[in-house]
Amino acid sequence: MARGETFERHRQPWTADEIQKLHTLAKKGMALKAIAKALKRSEESTRDRAKADGLSIAKLR
């Protein structure tokens, strides 16, 4: 995603539903890009939230 592109959900607080989905997808071993897309969040936001919750997200090689 190019710099300057805006997310329609910019800086929105995470809902309990989104957090649960993040945990589920991360445990399934999904890649960050796929999880971010599924949640309609930026990769940065998704990574930061996962880090805050102590989740590890699979890195694509």
# chains A, B, ... in the order shown; residues from 1 in each chain; ligands from 1
call {"tool": "select_by_dssp", "arguments": {"residues": "chain A", "states": "helix (DSSP H, G or I)", "output": "ChimeraX atom specification"}}
result
/A:16-27,32-39,43-52
call {"tool": "write_last_selection", "arguments": {"atoms": "N, CA and C atoms", "output": "tab-separated table (two decimals), in the first residue's frame"}}
result
chain	number	residue	atom	x	y	z
A	16	ALA	N	-14.05	-5.58	20.25
A	16	ALA	CA	-13.78	-6.91	20.82
A	16	ALA	C	-13.87	-7.97	19.73
A	17	ASP	N	-14.80	-7.77	18.81
A	17	ASP	CA	-15.00	-8.69	17.69
A	17	ASP	C	-13.76	-8.76	16.80
A	18	GLU	N	-13.20	-7.59	16.49
A	18	GLU	CA	-12.00	-7.53	15.66
A	18	GLU	C	-10.81	-8.18	16.36
A	19	ILE	N	-10.69	-7.94	17.65
A	19	ILE	CA	-9.58	-8.51	18.42
A	19	ILE	C	-9.68	-10.03	18.43
A	20	GLN	N	-10.90	-10.53	18.60
A	20	GLN	CA	-11.12	-11.98	18.60
A	20	GLN	C	-10.75	-12.57	17.23
A	21	LYS	N	-11.15	-11.88	16.17
A	21	LYS	CA	-10.84	-12.33	14.82
A	21	LYS	C	-9.33	-12.32	14.58
A	22	LEU	N	-8.67	-11.27	15.06
A	22	LEU	CA	-7.21	-11.17	14.93
A	22	LEU	C	-6.54	-12.36	15.61
A	23	HIS	N	-6.96	-12.68	16.82
A	23	HIS	CA	-6.40	-13.81	17.56
A	23	HIS	C	-6.62	-15.12	16.80
A	24	THR	N	-7.83	-15.32	16.30
A	24	THR	CA	-8.18	-16.54	15.56
A	24	THR	C	-7.30	-16.69	14.32
A	25	LEU	N	-7.21	-15.64	13.53
A	25	LEU	CA	-6.44	-15.69	12.28
A	25	LEU	C	-4.95	-15.87	12.55
A	26	ALA	N	-4.44	-15.19	13.59
A	26	ALA	CA	-3.02	-15.31	13.93
A	26	ALA	C	-2.69	-16.74	14.37
A	27	LYS	N	-3.61	-17.35	15.14
A	27	LYS	CA	-3.38	-18.72	15.61
A	27	LYS	C	-3.42	-19.72	14.46
A	32	LEU	N	0.47	-11.61	7.92
A	32	LEU	CA	0.05	-10.27	8.34
A	32	LEU	C	-0.81	-9.58	7.28
A	33	LYS	N	-0.37	-9.64	6.03
A	33	LYS	CA	-1.09	-8.97	4.93
A	33	LYS	C	-2.52	-9.50	4.83
A	34	ALA	N	-2.68	-10.81	4.91
A	34	ALA	CA	-4.00	-11.43	4.81
A	34	ALA	C	-4.89	-11.06	6.00
A	35	ILE	N	-4.31	-11.04	7.18
A	35	ILE	CA	-5.07	-10.69	8.39
A	35	ILE	C	-5.52	-9.23	8.30
A	36	ALA	N	-4.59	-8.35	7.92
A	36	ALA	CA	-4.92	-6.92	7.80
A	36	ALA	C	-6.05	-6.72	6.80
A	37	LYS	N	-5.99	-7.44	5.69
A	37	LYS	CA	-7.04	-7.31	4.67
A	37	LYS	C	-8.38	-7.82	5.20
A	38	ALA	N	-8.34	-8.94	5.89
A	38	ALA	CA	-9.57	-9.53	6.44
A	38	ALA	C	-10.22	-8.59	7.46
A	39	LEU	N	-9.39	-7.87	8.20
A	39	LEU	CA	-9.90	-6.96	9.23
A	39	LEU	C	-10.14	-5.54	8.71
A	43	GLU	N	-1.62	-2.88	7.80
A	43	GLU	CA	-0.70	-3.90	8.32
A	43	GLU	C	-0.02	-3.39	9.59
A	44	GLU	N	0.31	-2.11	9.60
A	44	GLU	CA	0.97	-1.51	10.76
A	44	GLU	C	0.07	-1.59	11.99
A	45	SER	N	-1.18	-1.22	11.81
A	45	SER	CA	-2.14	-1.25	12.91
A	45	SER	C	-2.34	-2.67	13.42
A	46	THR	N	-2.46	-3.61	12.47
A	46	THR	CA	-2.66	-5.01	12.81
A	46	THR	C	-1.45	-5.56	13.58
A	47	ARG	N	-0.25	-5.23	13.09
A	47	ARG	CA	0.98	-5.70	13.75
A	47	ARG	C	1.10	-5.12	15.15
A	48	ASP	N	0.80	-3.83	15.28
A	48	ASP	CA	0.89	-3.18	16.60
A	48	ASP	C	-0.09	-3.80	17.59
A	49	ARG	N	-1.31	-4.09	17.12
A	49	ARG	CA	-2.33	-4.67	17.99
A	49	ARG	C	-1.91	-6.09	18.41
A	50	ALA	N	-1.40	-6.85	17.46
A	50	ALA	CA	-0.96	-8.22	17.75
A	50	ALA	C	0.18	-8.20	18.78
A	51	LYS	N	1.09	-7.26	18.60
A	51	LYS	CA	2.23	-7.12	19.51
A	51	LYS	C	1.73	-6.77	20.91
A	52	ALA	N	0.77	-5.85	20.98
A	52	ALA	CA	0.20	-5.43	22.26
A	52	ALA	C	-0.46	-6.60	22.98
call {"tool": "decode", "arguments": {"residues": "chain A", "atoms": "C-alpha atoms", "output": "PDB file, in the first residue's frame"}}
result
ATOM      1  CA  MET A   1       0.000   0.000   0.000  1.00  0.00           C
ATOM      2  CA  ALA A   2       1.419   3.333  -1.035  1.00  0.00           C
ATOM      3  CA  ARG A   3       2.097   6.112   1.429  1.00  0.00           C
ATOM      4  CA  GLY A   4      -0.599   8.748   1.462  1.00  0.00           C
ATOM      5  CA  GLU A   5      -3.431   6.295   0.888  1.00  0.00           C
ATOM      6  CA  THR A   6      -5.991   6.719   3.616  1.00  0.00           C
ATOM      7  CA  PHE A   7      -7.895   4.066   5.426  1.00  0.00           C
ATOM      8  CA  GLU A   8     -11.571   4.717   5.886  1.00  0.00           C
ATOM      9  CA  ARG A   9     -11.148   3.385   9.443  1.00  0.00           C
ATOM     10  CA  HIS A  10      -8.164   5.553  10.330  1.00  0.00           C
ATOM     11  CA  ARG A  11      -7.356   5.473  14.051  1.00  0.00           C
ATOM     12  CA  GLN A  12     -10.599   3.710  14.940  1.00  0.00           C
ATOM     13  CA  PRO A  13     -10.519   1.837  18.243  1.00  0.00           C
ATOM     14  CA  TRP A  14     -10.439  -1.943  17.959  1.00  0.00           C
ATOM     15  CA  THR A  15     -13.697  -3.723  18.739  1.00  0.00           C
ATOM     16  CA  ALA A  16     -13.781  -6.907  20.823  1.00  0.00           C
ATOM     17  CA  ASP A  17     -14.999  -8.687  17.695  1.00  0.00           C
ATOM     18  CA  GLU A  18     -11.997  -7.531  15.661  1.00  0.00           C
ATOM     19  CA  ILE A  19      -9.580  -8.507  18.419  1.00  0.00           C
ATOM     20  CA  GLN A  20     -11.116 -11.977  18.597  1.00  0.00           C
ATOM     21  CA  LYS A  21     -10.842 -12.330  14.818  1.00  0.00           C
ATOM     22  CA  LEU A  22      -7.211 -11.167  14.933  1.00  0.00           C
ATOM     23  CA  HIS A  23      -6.397 -13.811  17.561  1.00  0.00           C
ATOM     24  CA  THR A  24      -8.176 -16.536  15.560  1.00  0.00           C
ATOM     25  CA  LEU A  25      -6.438 -15.694  12.282  1.00  0.00           C
ATOM     26  CA  ALA A  26      -3.022 -15.310  13.930  1.00  0.00           C
ATOM     27  CA  LYS A  27      -3.381 -18.719  15.608  1.00  0.00           C
ATOM     28  CA  LYS A  28      -4.236 -20.247  12.220  1.00  0.00           C
ATOM     29  CA  GLY A  29      -0.859 -19.001  11.015  1.00  0.00           C
ATOM     30  CA  MET A  30      -2.190 -16.485   8.496  1.00  0.00           C
ATOM     31  CA  ALA A  31       0.196 -13.867   7.141  1.00  0.00           C
ATOM     32  CA  LEU A  32       0.055 -10.269   8.335  1.00  0.00           C
ATOM     33  CA  LYS A  33      -1.094  -8.975   4.935  1.00  0.00           C
ATOM     34  CA  ALA A  34      -3.997 -11.430   4.809  1.00  0.00           C
ATOM     35  CA  ILE A  35      -5.067 -10.686   8.389  1.00  0.00           C
ATOM     36  CA  ALA A  36      -4.918  -6.922   7.796  1.00  0.00           C
ATOM     37  CA  LYS A  37      -7.039  -7.312   4.667  1.00  0.00           C
ATOM     38  CA  ALA A  38      -9.568  -9.526   6.441  1.00  0.00           C
ATOM     39  CA  LEU A  39      -9.897  -6.959   9.233  1.00  0.00           C
ATOM     40  CA  LYS A  40      -9.849  -3.974   6.849  1.00  0.00           C
ATOM     41  CA  ARG A  41      -6.984  -2.542   8.897  1.00  0.00           C
ATOM     42  CA  SER A  42      -3.519  -1.392   7.913  1.00  0.00           C
ATOM     43  CA  GLU A  43      -0.697  -3.900   8.323  1.00  0.00           C
ATOM     44  CA  GLU A  44       0.971  -1.511  10.755  1.00  0.00           C
ATOM     45  CA  SER A  45      -2.141  -1.246  12.911  1.00  0.00           C
ATOM     46  CA  THR A  46      -2.657  -5.015  12.814  1.00  0.00           C
ATOM     47  CA  ARG A  47       0.981  -5.703  13.748  1.00  0.00           C
ATOM     48  CA  ASP A  48       0.888  -3.185  16.599  1.00  0.00           C
ATOM     49  CA  ARG A  49      -2.332  -4.675  17.990  1.00  0.00           C
ATOM     50  CA  ALA A  50      -0.963  -8.220  17.752  1.00  0.00           C
ATOM     51  CA  LYS A  51       2.228  -7.118  19.509  1.00  0.00           C
ATOM     52  CA  ALA A  52       0.205  -5.425  22.260  1.00  0.00           C
ATOM     53  CA  ASP A  53      -1.710  -8.683  22.768  1.00  0.00           C
ATOM     54  CA  GLY A  54       1.457 -10.782  22.695  1.00  0.00           C
ATOM     55  CA  LEU A  55       0.529 -12.572  19.472  1.00  0.00           C
ATOM     56  CA  SER A  56       3.029 -13.686  16.918  1.00  0.00           C
ATOM     57  CA  ILE A  57       2.075 -13.381  13.279  1.00  0.00           C
ATOM     58  CA  ALA A  58       3.583 -15.671  10.684  1.00  0.00           C
ATOM     59  CA  LYS A  59       6.165 -14.014   8.476  1.00  0.00           C
ATOM     60  CA  LEU A  60       5.988 -14.838   4.781  1.00  0.00           C
ATOM     61  CA  ARG A  61       9.279 -16.001   3.299  1.00  0.00           C
TER      62      ARG A  61
END
